[in-house]
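Engineer: Below is the file entry11.cif, which contains mmCIF, C-alpha atoms and all ligand atoms.
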```cif
data_final
#
loop_
_atom_site.group_PDB
_atom_site.id
_atom_site.type_symbol
_atom_site.label_atom_id
_atom_site.label_comp_id
_atom_site.auth_asym_id
_atom_site.auth_seq_id
_atom_site.Cartn_x
_atom_site.Cartn_y
_atom_site.Cartn_z
ATOM 1 C CA MET Q 1 8.106 12.385 -27.911
ATOM 2 C CA SER Q 2 5.997 14.938 -26.073
ATOM 3 C CA LYS Q 3 2.454 14.470 -27.305
ATOM 4 C CA LEU Q 4 1.111 14.768 -23.761
ATOM 5 C CA LYS Q 5 3.043 17.833 -22.620
ATOM 6 C CA GLY Q 6 0.843 19.939 -20.326
ATOM 7 C CA LYS Q 7 -1.550 17.037 -19.661
ATOM 8 C CA VAL Q 8 -2.267 15.380 -16.328
ATOM 9 C CA ALA Q 9 -3.129 11.668 -16.210
ATOM 10 C CA LEU Q 10 -4.578 9.491 -13.460
ATOM 11 C CA VAL Q 11 -3.693 5.812 -13.892
ATOM 12 C CA THR Q 12 -5.349 3.390 -11.471
ATOM 13 C CA GLY Q 13 -3.470 0.293 -10.347
ATOM 14 C CA ALA Q 14 -0.215 1.831 -11.552
ATOM 15 C CA SER Q 15 2.181 0.415 -8.969
ATOM 16 C CA ARG Q 16 2.824 -2.670 -11.104
ATOM 17 C CA GLY Q 17 2.003 -4.585 -14.277
ATOM 18 C CA ILE Q 18 0.073 -2.973 -17.110
ATOM 19 C CA GLY Q 19 -0.777 0.138 -15.075
ATOM 20 C CA ARG Q 20 2.899 0.706 -14.302
ATOM 21 C CA GLY Q 21 3.706 0.334 -18.012
ATOM 22 C CA ILE Q 22 1.005 2.861 -18.936
ATOM 23 C CA ALA Q 23 2.136 5.335 -16.252
ATOM 24 C CA LEU Q 24 5.754 5.193 -17.499
ATOM 25 C CA ARG Q 25 4.671 5.547 -21.145
ATOM 26 C CA LEU Q 26 2.349 8.518 -20.543
ATOM 27 C CA ALA Q 27 5.085 10.208 -18.503
ATOM 28 C CA GLN Q 28 7.529 9.564 -21.349
ATOM 29 C CA GLU Q 29 5.119 11.542 -23.559
ATOM 30 C CA GLY Q 30 5.258 14.452 -21.120
ATOM 31 C CA ALA Q 31 2.161 13.894 -18.962
ATOM 32 C CA VAL Q 32 2.237 14.515 -15.222
ATOM 33 C CA VAL Q 33 1.074 11.171 -13.805
ATOM 34 C CA ALA Q 34 -0.903 10.392 -10.659
ATOM 35 C CA VAL Q 35 0.189 6.849 -9.818
ATOM 36 C CA HIS Q 36 -2.672 5.136 -7.986
ATOM 37 C CA TYR Q 37 -1.930 2.098 -5.793
ATOM 38 C CA VAL Q 38 -3.883 0.092 -3.265
ATOM 39 C CA LYS Q 39 -1.493 -1.287 -0.648
ATOM 40 C CA ASN Q 40 2.028 -1.363 -1.951
ATOM 41 C CA HIS Q 41 3.141 2.239 -1.458
ATOM 42 C CA GLU Q 42 6.791 1.247 -1.884
ATOM 43 C CA ALA Q 43 6.113 -0.089 -5.387
ATOM 44 C CA ALA Q 44 4.217 3.153 -6.169
ATOM 45 C CA ASP Q 45 7.198 5.168 -4.874
ATOM 46 C CA GLU Q 46 9.427 3.117 -7.168
ATOM 47 C CA VAL Q 47 7.273 3.993 -10.213
ATOM 48 C CA VAL Q 48 7.281 7.680 -9.218
ATOM 49 C CA ARG Q 49 11.087 7.567 -8.840
ATOM 50 C CA GLU Q 50 11.498 5.866 -12.218
ATOM 51 C CA ILE Q 51 9.400 8.559 -13.900
ATOM 52 C CA GLN Q 52 11.362 11.307 -12.132
ATOM 53 C CA SER Q 53 14.708 9.776 -13.048
ATOM 54 C CA ASN Q 54 13.599 9.869 -16.694
ATOM 55 C CA GLY Q 55 12.893 13.602 -16.326
ATOM 56 C CA GLY Q 56 9.137 13.291 -15.795
ATOM 57 C CA THR Q 57 6.732 14.314 -13.033
ATOM 58 C CA ALA Q 58 4.607 11.955 -10.964
ATOM 59 C CA PHE Q 59 3.098 11.502 -7.533
ATOM 60 C CA LYS Q 60 1.328 8.623 -5.821
ATOM 61 C CA ILE Q 61 -2.214 8.294 -4.474
ATOM 62 C CA GLY Q 62 -3.538 5.336 -2.444
ATOM 63 C CA ALA Q 63 -7.162 4.084 -2.435
ATOM 64 C CA ASP Q 64 -8.954 0.750 -2.185
ATOM 65 C CA PHE Q 65 -11.748 0.205 -4.726
ATOM 66 C CA LYS Q 66 -13.430 -2.622 -2.830
ATOM 67 C CA SER Q 67 -16.092 0.011 -2.126
ATOM 68 C CA VAL Q 68 -17.012 3.336 -3.742
ATOM 69 C CA GLN Q 69 -15.685 5.035 -0.614
ATOM 70 C CA GLY Q 70 -12.227 4.424 -2.123
ATOM 71 C CA VAL Q 71 -13.195 6.481 -5.174
ATOM 72 C CA HIS Q 72 -14.191 9.411 -2.941
ATOM 73 C CA GLU Q 73 -10.918 9.080 -1.021
ATOM 74 C CA LEU Q 74 -8.904 9.024 -4.237
ATOM 75 C CA TYR Q 75 -10.446 12.246 -5.559
ATOM 76 C CA ALA Q 76 -10.122 13.984 -2.183
ATOM 77 C CA ALA Q 77 -6.375 13.222 -2.257
ATOM 78 C CA LEU Q 78 -6.027 14.000 -5.974
ATOM 79 C CA ASP Q 79 -7.714 17.402 -5.519
ATOM 80 C CA VAL Q 80 -5.210 18.313 -2.787
ATOM 81 C CA SER Q 81 -2.197 17.146 -4.843
ATOM 82 C CA LEU Q 82 -3.362 18.926 -7.990
ATOM 83 C CA LYS Q 83 -4.147 22.125 -6.122
ATOM 84 C CA GLU Q 84 -0.600 22.190 -4.741
ATOM 85 C CA ARG Q 85 0.855 21.643 -8.206
ATOM 86 C CA THR Q 86 -1.488 23.502 -10.530
ATOM 87 C CA GLY Q 87 -3.746 25.654 -8.371
ATOM 88 C CA GLY Q 88 -6.841 23.778 -9.579
ATOM 89 C CA ASN Q 89 -8.204 20.240 -9.586
ATOM 90 C CA HIS Q 90 -8.442 19.581 -13.310
ATOM 91 C CA PHE Q 91 -6.856 16.760 -15.232
ATOM 92 C CA ASP Q 92 -6.990 15.310 -18.745
ATOM 93 C CA ILE Q 93 -6.643 11.539 -18.884
ATOM 94 C CA LEU Q 94 -8.269 8.835 -16.755
ATOM 95 C CA VAL Q 95 -7.011 5.279 -17.211
ATOM 96 C CA ASN Q 96 -9.224 2.747 -15.426
ATOM 97 C CA ASN Q 97 -6.721 -0.076 -15.136
ATOM 98 C CA ALA Q 98 -7.005 -1.485 -11.585
ATOM 99 C CA GLY Q 99 -8.319 -5.019 -11.591
ATOM 100 C CA ILE Q 100 -8.116 -8.455 -10.033
ATOM 101 C CA GLY Q 101 -7.624 -11.855 -11.630
ATOM 102 C CA GLN Q 102 -10.385 -14.037 -10.268
ATOM 103 C CA VAL Q 103 -10.390 -17.689 -11.333
ATOM 104 C CA ALA Q 104 -13.865 -19.152 -10.701
ATOM 105 C CA THR Q 105 -16.417 -21.136 -12.710
ATOM 106 C CA ILE Q 106 -20.178 -20.739 -12.297
ATOM 107 C CA GLU Q 107 -20.127 -23.459 -9.620
ATOM 108 C CA GLU Q 108 -17.309 -21.762 -7.721
ATOM 109 C CA THR Q 109 -18.688 -18.212 -7.848
ATOM 110 C CA THR Q 110 -20.135 -16.916 -4.571
ATOM 111 C CA GLU Q 111 -22.088 -13.742 -3.935
ATOM 112 C CA GLN Q 112 -19.083 -12.389 -2.052
ATOM 113 C CA SER Q 113 -16.562 -13.225 -4.797
ATOM 114 C CA PHE Q 114 -18.831 -11.745 -7.467
ATOM 115 C CA ASP Q 115 -19.414 -8.567 -5.432
ATOM 116 C CA GLU Q 116 -15.661 -8.162 -5.058
ATOM 117 C CA VAL Q 117 -14.870 -8.405 -8.766
ATOM 118 C CA PHE Q 118 -17.948 -6.307 -9.666
ATOM 119 C CA ASN Q 119 -16.957 -3.533 -7.257
ATOM 120 C CA ILE Q 120 -13.394 -3.305 -8.563
ATOM 121 C CA HIS Q 121 -14.088 -3.848 -12.277
ATOM 122 C CA VAL Q 122 -17.411 -2.035 -12.742
ATOM 123 C CA LYS Q 123 -18.524 0.119 -9.815
ATOM 124 C CA ALA Q 124 -15.151 1.786 -9.247
ATOM 125 C CA PRO Q 125 -14.564 2.712 -12.926
ATOM 126 C CA LEU Q 126 -18.167 3.959 -13.277
ATOM 127 C CA PHE Q 127 -17.892 6.265 -10.273
ATOM 128 C CA LEU Q 128 -14.310 7.230 -11.137
ATOM 129 C CA ILE Q 129 -15.660 8.436 -14.482
ATOM 130 C CA GLN Q 130 -18.680 10.147 -12.910
ATOM 131 C CA GLN Q 131 -16.447 12.109 -10.549
ATOM 132 C CA ALA Q 132 -13.878 12.799 -13.263
ATOM 133 C CA LEU Q 133 -16.432 14.631 -15.426
ATOM 134 C CA PRO Q 134 -16.408 17.970 -13.574
ATOM 135 C CA ARG Q 135 -12.612 17.715 -13.358
ATOM 136 C CA LEU Q 136 -11.720 16.698 -16.925
ATOM 137 C CA ARG Q 137 -10.476 19.460 -19.202
ATOM 138 C CA ASP Q 138 -11.489 19.907 -22.854
ATOM 139 C CA GLU Q 139 -10.241 17.026 -25.073
ATOM 140 C CA GLY Q 140 -10.431 14.664 -22.088
ATOM 141 C CA ARG Q 141 -9.586 11.010 -22.483
ATOM 142 C CA ILE Q 142 -11.079 8.016 -20.701
ATOM 143 C CA ILE Q 143 -9.355 4.687 -21.286
ATOM 144 C CA ASN Q 144 -10.793 1.521 -19.742
ATOM 145 C CA ILE Q 145 -8.734 -1.636 -19.504
ATOM 146 C CA SER Q 146 -11.039 -4.512 -20.386
ATOM 147 C CA SER Q 147 -9.953 -7.967 -21.588
ATOM 148 C CA VAL Q 148 -9.951 -10.310 -24.553
ATOM 149 C CA ALA Q 149 -11.890 -12.605 -22.180
ATOM 150 C CA THR Q 150 -14.925 -10.638 -23.411
ATOM 151 C CA ARG Q 151 -14.287 -12.059 -26.899
ATOM 152 C CA ILE Q 152 -13.182 -15.610 -26.106
ATOM 153 C CA ALA Q 153 -15.319 -17.749 -23.801
ATOM 154 C CA MET Q 154 -13.293 -18.542 -20.664
ATOM 155 C CA PRO Q 155 -15.670 -20.413 -18.334
ATOM 156 C CA ASN Q 156 -13.090 -20.501 -15.523
ATOM 157 C CA LEU Q 157 -13.022 -16.677 -15.488
ATOM 158 C CA LEU Q 158 -16.764 -16.187 -15.202
ATOM 159 C CA GLY Q 159 -17.073 -13.152 -12.914
ATOM 160 C CA TYR Q 160 -13.930 -11.645 -14.402
ATOM 161 C CA SER Q 161 -15.261 -11.897 -17.977
ATOM 162 C CA VAL Q 162 -18.807 -10.786 -17.149
ATOM 163 C CA THR Q 163 -17.574 -7.652 -15.369
ATOM 164 C CA LYS Q 164 -15.146 -6.827 -18.183
ATOM 165 C CA GLY Q 165 -18.125 -7.184 -20.545
ATOM 166 C CA ALA Q 166 -19.869 -4.533 -18.471
ATOM 167 C CA ILE Q 167 -16.861 -2.258 -18.967
ATOM 168 C CA ASN Q 168 -17.183 -2.684 -22.734
ATOM 169 C CA THR Q 169 -20.827 -1.591 -22.530
ATOM 170 C CA LEU Q 170 -19.929 1.305 -20.226
ATOM 171 C CA THR Q 171 -17.301 2.377 -22.778
ATOM 172 C CA PHE Q 172 -19.469 2.647 -25.870
ATOM 173 C CA THR Q 173 -22.518 3.916 -23.983
ATOM 174 C CA LEU Q 174 -20.628 6.804 -22.390
ATOM 175 C CA ALA Q 175 -18.731 7.523 -25.605
ATOM 176 C CA LYS Q 176 -22.052 8.499 -27.199
ATOM 177 C CA GLN Q 177 -22.901 10.981 -24.432
ATOM 178 C CA LEU Q 178 -19.447 12.382 -23.709
ATOM 179 C CA GLY Q 179 -18.649 13.330 -27.297
ATOM 180 C CA ALA Q 180 -20.683 16.463 -26.530
ATOM 181 C CA TRP Q 181 -18.087 17.246 -23.832
ATOM 182 C CA ASN Q 182 -15.263 16.634 -26.315
ATOM 183 C CA ILE Q 183 -14.206 13.585 -24.282
ATOM 184 C CA THR Q 184 -13.317 10.262 -25.944
ATOM 185 C CA VAL Q 185 -14.026 6.956 -24.202
ATOM 186 C CA ASN Q 186 -12.287 3.809 -25.405
ATOM 187 C CA ALA Q 187 -11.379 0.397 -24.058
ATOM 188 C CA ILE Q 188 -8.287 -1.735 -24.548
ATOM 189 C CA LEU Q 189 -8.778 -5.504 -24.569
ATOM 190 C CA PRO Q 190 -5.422 -7.129 -23.703
ATOM 191 C CA GLY Q 191 -4.730 -10.827 -24.100
ATOM 192 C CA ILE Q 192 -2.380 -12.663 -21.767
ATOM 193 C CA ILE Q 193 0.208 -10.170 -20.541
ATOM 194 C CA ASP Q 194 3.366 -10.901 -18.566
ATOM 195 C CA THR Q 195 2.329 -9.490 -15.165
ATOM 196 C CA ASP Q 196 1.958 -10.727 -11.587
ATOM 197 C CA MET Q 197 -1.697 -11.458 -12.345
ATOM 198 C CA ASN Q 198 -0.522 -14.299 -14.600
ATOM 199 C CA ALA Q 199 2.476 -15.427 -12.571
ATOM 200 C CA ALA Q 200 1.004 -18.885 -11.962
ATOM 201 C CA ILE Q 201 0.287 -19.478 -15.683
ATOM 202 C CA LEU Q 202 3.591 -18.109 -16.924
ATOM 203 C CA GLN Q 203 5.702 -20.078 -14.446
ATOM 204 C CA ASP Q 204 4.149 -23.347 -15.573
ATOM 205 C CA PRO Q 205 5.527 -24.846 -18.852
ATOM 206 C CA GLU Q 206 2.021 -25.931 -19.951
ATOM 207 C CA GLY Q 207 0.692 -22.452 -19.126
ATOM 208 C CA GLN Q 208 3.509 -20.861 -21.126
ATOM 209 C CA LYS Q 209 2.627 -22.989 -24.141
ATOM 210 C CA PHE Q 210 -1.041 -22.054 -23.815
ATOM 211 C CA ALA Q 211 -0.279 -18.327 -23.403
ATOM 212 C CA ALA Q 212 2.081 -18.192 -26.371
ATOM 213 C CA GLY Q 213 -0.196 -20.327 -28.555
ATOM 214 C CA LEU Q 214 -3.175 -18.062 -28.026
ATOM 215 C CA SER Q 215 -1.756 -15.115 -29.971
ATOM 216 C CA ALA Q 216 -1.077 -15.014 -33.712
ATOM 217 C CA PHE Q 217 2.575 -14.179 -32.970
ATOM 218 C CA GLY Q 218 3.436 -17.188 -30.823
ATOM 219 C CA ARG Q 219 4.240 -15.115 -27.750
ATOM 220 C CA TRP Q 220 2.400 -13.568 -24.840
ATOM 221 C CA GLY Q 221 2.181 -9.814 -24.415
ATOM 222 C CA GLN Q 222 4.256 -7.379 -22.399
ATOM 223 C CA PRO Q 223 2.904 -4.325 -20.521
ATOM 224 C CA GLU Q 224 4.568 -2.113 -23.165
ATOM 225 C CA ASP Q 225 2.381 -3.703 -25.875
ATOM 226 C CA VAL Q 226 -0.643 -2.305 -24.043
ATOM 227 C CA ALA Q 227 1.007 0.954 -22.947
ATOM 228 C CA ASP Q 228 1.738 1.996 -26.546
ATOM 229 C CA VAL Q 229 -1.954 1.676 -27.440
ATOM 230 C CA ALA Q 230 -2.914 3.615 -24.309
ATOM 231 C CA ALA Q 231 -0.452 6.368 -25.305
ATOM 232 C CA PHE Q 232 -2.168 6.652 -28.691
ATOM 233 C CA LEU Q 233 -5.644 6.771 -27.111
ATOM 234 C CA ALA Q 234 -4.448 9.408 -24.636
ATOM 235 C CA SER Q 235 -2.928 11.580 -27.359
ATOM 236 C CA PRO Q 236 -4.467 14.215 -29.657
ATOM 237 C CA ASP Q 237 -3.926 11.721 -32.547
ATOM 238 C CA SER Q 238 -6.957 9.719 -31.374
ATOM 239 C CA ARG Q 239 -9.382 12.689 -31.386
ATOM 240 C CA TRP Q 240 -11.751 10.981 -33.880
ATOM 241 C CA VAL Q 241 -11.680 7.577 -32.154
ATOM 242 C CA THR Q 242 -14.333 6.934 -29.536
ATOM 243 C CA GLY Q 243 -16.496 4.083 -28.273
ATOM 244 C CA GLN Q 244 -13.935 1.569 -29.537
ATOM 245 C CA LEU Q 245 -13.054 -1.767 -27.961
ATOM 246 C CA ILE Q 246 -9.493 -2.190 -29.171
ATOM 247 C CA ASP Q 247 -8.233 -5.730 -29.209
ATOM 248 C CA THR Q 248 -4.635 -5.636 -27.978
ATOM 249 C CA SER Q 249 -4.051 -9.339 -27.665
ATOM 250 C CA GLY Q 250 -1.774 -10.124 -30.596
ATOM 251 C CA GLY Q 251 -4.838 -11.564 -32.318
ATOM 252 C CA SER Q 252 -5.740 -13.993 -29.539
ATOM 253 C CA HIS Q 253 -9.423 -13.520 -30.347
ATOM 254 C CA LEU Q 254 -9.018 -14.684 -33.952
HETATM 255 P P1 LIG F 301 -1.701 -6.727 -11.669
HETATM 256 O O1 LIG F 301 -2.277 -7.669 -10.686
HETATM 257 O O2 LIG F 301 -0.243 -6.699 -11.872
HETATM 258 O O3 LIG F 301 -2.169 -5.243 -11.340
HETATM 259 C C1 LIG F 301 -3.462 -4.953 -10.912
HETATM 260 C C2 LIG F 301 -3.495 -3.574 -10.298
HETATM 261 O O4 LIG F 301 -4.808 -3.348 -9.783
HETATM 262 C C3 LIG F 301 -2.517 -3.451 -9.124
HETATM 263 O O5 LIG F 301 -1.753 -2.283 -9.264
HETATM 264 C C4 LIG F 301 -3.399 -3.363 -7.911
HETATM 265 O O6 LIG F 301 -2.897 -2.501 -6.936
HETATM 266 C C5 LIG F 301 -4.718 -2.828 -8.482
HETATM 267 N N1 LIG F 301 -5.812 -3.292 -7.624
HETATM 268 C C6 LIG F 301 -6.126 -4.585 -7.319
HETATM 269 N N2 LIG F 301 -7.116 -4.612 -6.406
HETATM 270 C C7 LIG F 301 -7.435 -3.321 -6.127
HETATM 271 C C8 LIG F 301 -8.356 -2.698 -5.235
HETATM 272 N N3 LIG F 301 -9.130 -3.398 -4.400
HETATM 273 N N4 LIG F 301 -8.411 -1.342 -5.223
HETATM 274 C C9 LIG F 301 -7.614 -0.601 -6.003
HETATM 275 N N5 LIG F 301 -6.708 -1.141 -6.867
HETATM 276 C C10 LIG F 301 -6.624 -2.469 -6.924
HETATM 277 O O7 LIG F 301 -2.469 -7.037 -13.013
HETATM 278 P P2 LIG F 301 -2.304 -6.508 -14.517
HETATM 279 O O8 LIG F 301 -2.115 -7.691 -15.327
HETATM 280 O O9 LIG F 301 -1.345 -5.392 -14.598
HETATM 281 O O10 LIG F 301 -3.788 -5.989 -14.766
HETATM 282 C C11 LIG F 301 -4.115 -4.637 -15.031
HETATM 283 C C12 LIG F 301 -5.461 -4.579 -15.727
HETATM 284 O O11 LIG F 301 -5.370 -5.263 -16.980
HETATM 285 C C13 LIG F 301 -6.579 -5.280 -14.947
HETATM 286 O O12 LIG F 301 -7.771 -4.544 -15.078
HETATM 287 C C14 LIG F 301 -6.702 -6.612 -15.656
HETATM 288 O O13 LIG F 301 -7.976 -7.178 -15.527
HETATM 289 C C15 LIG F 301 -6.406 -6.210 -17.084
HETATM 290 N N6 LIG F 301 -5.980 -7.308 -17.949
HETATM 291 C C16 LIG F 301 -4.860 -8.006 -17.650
HETATM 292 C C17 LIG F 301 -4.477 -9.046 -18.483
HETATM 293 C C18 LIG F 301 -3.257 -9.864 -18.223
HETATM 294 O O14 LIG F 301 -3.082 -10.881 -18.901
HETATM 295 N N7 LIG F 301 -2.381 -9.487 -17.314
HETATM 296 C C19 LIG F 301 -5.253 -9.351 -19.606
HETATM 297 C C20 LIG F 301 -6.391 -8.624 -19.868
HETATM 298 C C21 LIG F 301 -6.750 -7.585 -19.028
#
```
Translate the structure described by the file into structure tokens.
Structural biologist:
Amino acid sequence: MSKLKGKVALVTGASRGIGRGIALRLAQEGAVVAVHYVKNHEAADEVVREIQSNGGTAFKIGADFKSVQGVHELYAALDVSLKERTGGNHFDILVNNAGIGQVATIEETTEQSFDEVFNIHVKAPLFLIQQALPRLRDEGRIINISSVATRIAMPNLLGYSVTKGAINTLTFTLAKQLGAWNITVNAILPGIIDTDMNAAILQDPEGQKFAAGLSAFGRWGQPEDVADVAAFLASPDSRWVTGQLIDTSGGSHL
């Protein structure tokens, strides 16, 4: 398996959960992976070590996306790391995965809480893409991690769902423009996945029943279920697929 040999991928929020799964999977396919993290540099080191022990190449980059300043900081650091490794600052695959699980109904949503989820889920990916454009090589890939919460009404995840809806719109809108650059833009819409974001649900027997019952397969998802789809979207095999919102929820939206 080396469909991504010679490619460089940036995966945001890759120190744990779905992002970690995607980073490991892309590295398994031969990509050099920039493992972005926000605070937990030890967890990022662990992911880098795991990739290296499997024969791959990876390095970590820290940045906080609570403001767009974090995006500038990330690219400043990425440029330096890539220059050391490749002599240039170009890469091939951007996975916008970083996100927060915010439980809040319309009554509970505050301007501050909405700004926080909007900055991380919408502003950061938008400016990450904007600044990726001069750096992305031919046949570039942009993969946005959205959510099945944009297909099923979840009133207790209001800001979360609304901002993921914006990511869906960003995905198909940019796909139209960036085809001219030979870049594909797609989104993955996971259902409930076994990550720290869902620890509270998956530790509770009622929550477990709910999570398993949502999908057509009677189980909740694992990061690998999402990572395999990301590997396809990152690969040359997906060259004719763009602007797609790919449900990866085991049919939870049905
Ligand atoms: P997680 O909490 O395990 O990981 C989230 C990642 O985002 C972490 O690596 C974290 O460092 C990063 N992050 C959080 N705040 C950040 C900030 N301020 N700046 C930069 N990075 C930040 O969650 P996960 O389940 O792995 O989620 C990954 C993505 O998948 C998210 O976008 C999430 O919305 C989406 N998603 C998750 C599920 C699920 O059920 N777990 C379902 C649908 C979509």
Engineer: Given the file shown, determine the residues that the PyMOL selection byres (((chain Q and resi 136) around 9) and not hetatm) selects; report them as a ChimeraX atom specification.
Structural biologist: /Q:89-94,132-135,137-141,183
Engineer: So, counting all atoms listed in the file, which residue among Q:Leu254, Q:Leu214, Q:Ile145, Q:Leu233 is closest to ligand LIG 301 (chain F)?
Structural biologist: Q:Ile145
Engineer: Find, counting all atoms listed in the file, the residue in Q:His121, Q:Arg151, Q:Lys176, Q:Arg25 that gets nearest to Q:Ile246.
Structural biologist: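 Nearest candidate to Q:Ile246 out of Q:His121, Q:Arg151, Q:Lys176, Q:Arg25: Q:Arg151.
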Engineer: Check what the PyMOL selection byres (((not hetatm)) within 8 of (chain F and resi 301)) selects in the file above and give those residues as a CSV table (one decimal) with C-alpha atoms, keeping the file's coordinate frame.
Structural biologist:
```csv
chain,number,residue,atom,x,y,z
Q,12,THR,CA,-5.3,3.4,-11.5
Q,13,GLY,CA,-3.5,0.3,-10.3
Q,14,ALA,CA,-0.2,1.8,-11.6
Q,15,SER,CA,2.2,0.4,-9.0
Q,16,ARG,CA,2.8,-2.7,-11.1
Q,17,GLY,CA,2.0,-4.6,-14.3
Q,18,ILE,CA,0.1,-3.0,-17.1
Q,19,GLY,CA,-0.8,0.1,-15.1
Q,20,ARG,CA,2.9,0.7,-14.3
Q,36,HIS,CA,-2.7,5.1,-8.0
Q,37,TYR,CA,-1.9,2.1,-5.8
Q,38,VAL,CA,-3.9,0.1,-3.3
Q,39,LYS,CA,-1.5,-1.3,-0.6
Q,40,ASN,CA,2.0,-1.4,-2.0
Q,63,ALA,CA,-7.2,4.1,-2.4
Q,64,ASP,CA,-9.0,0.8,-2.2
Q,65,PHE,CA,-11.7,0.2,-4.7
Q,66,LYS,CA,-13.4,-2.6,-2.8
Q,70,GLY,CA,-12.2,4.4,-2.1
Q,96,ASN,CA,-9.2,2.7,-15.4
Q,97,ASN,CA,-6.7,-0.1,-15.1
Q,98,ALA,CA,-7.0,-1.5,-11.6
Q,99,GLY,CA,-8.3,-5.0,-11.6
Q,100,ILE,CA,-8.1,-8.5,-10.0
Q,101,GLY,CA,-7.6,-11.9,-11.6
Q,120,ILE,CA,-13.4,-3.3,-8.6
Q,121,HIS,CA,-14.1,-3.8,-12.3
Q,145,ILE,CA,-8.7,-1.6,-19.5
Q,146,SER,CA,-11.0,-4.5,-20.4
Q,147,SER,CA,-10.0,-8.0,-21.6
Q,148,VAL,CA,-10.0,-10.3,-24.6
Q,149,ALA,CA,-11.9,-12.6,-22.2
Q,160,TYR,CA,-13.9,-11.6,-14.4
Q,164,LYS,CA,-15.1,-6.8,-18.2
Q,189,LEU,CA,-8.8,-5.5,-24.6
Q,190,PRO,CA,-5.4,-7.1,-23.7
Q,191,GLY,CA,-4.7,-10.8,-24.1
Q,192,ILE,CA,-2.4,-12.7,-21.8
Q,193,ILE,CA,0.2,-10.2,-20.5
Q,194,ASP,CA,3.4,-10.9,-18.6
Q,195,THR,CA,2.3,-9.5,-15.2
Q,196,ASP,CA,2.0,-10.7,-11.6
Q,197,MET,CA,-1.7,-11.5,-12.3
Q,198,ASN,CA,-0.5,-14.3,-14.6
Q,221,GLY,CA,2.2,-9.8,-24.4
Q,223,PRO,CA,2.9,-4.3,-20.5
```
Engineer: Which is closer to Q:Gly165 than all the others in Q:Phe232, Q:Phe118, Q:Trp240, Q:Trp220, using all atoms listed in the file?
Structural biologist: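 Among Q:Phe232, Q:Phe118, Q:Trp240, Q:Trp220, it is Q:Phe118 that comes nearest to Q:Gly165.
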Engineer: Which is closest to Q:Ala31 among Q:Gly55, Q:Ile129, Q:Asp115, Q:Ala9, if we use all atoms listed in the file?
Structural biologist: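 Residue with the minimum atom-to-atom distance to Q:Ala31: Q:Ala9.
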Engineer: Can you spell out as a PyMOL selection string the set of residues that the PyMOL selection byres (((chain Q and resi 106) around 9) and not hetatm) selects in the structure I just provided?
Structural biologist: chain Q and resi 104-105+107-110+155-159
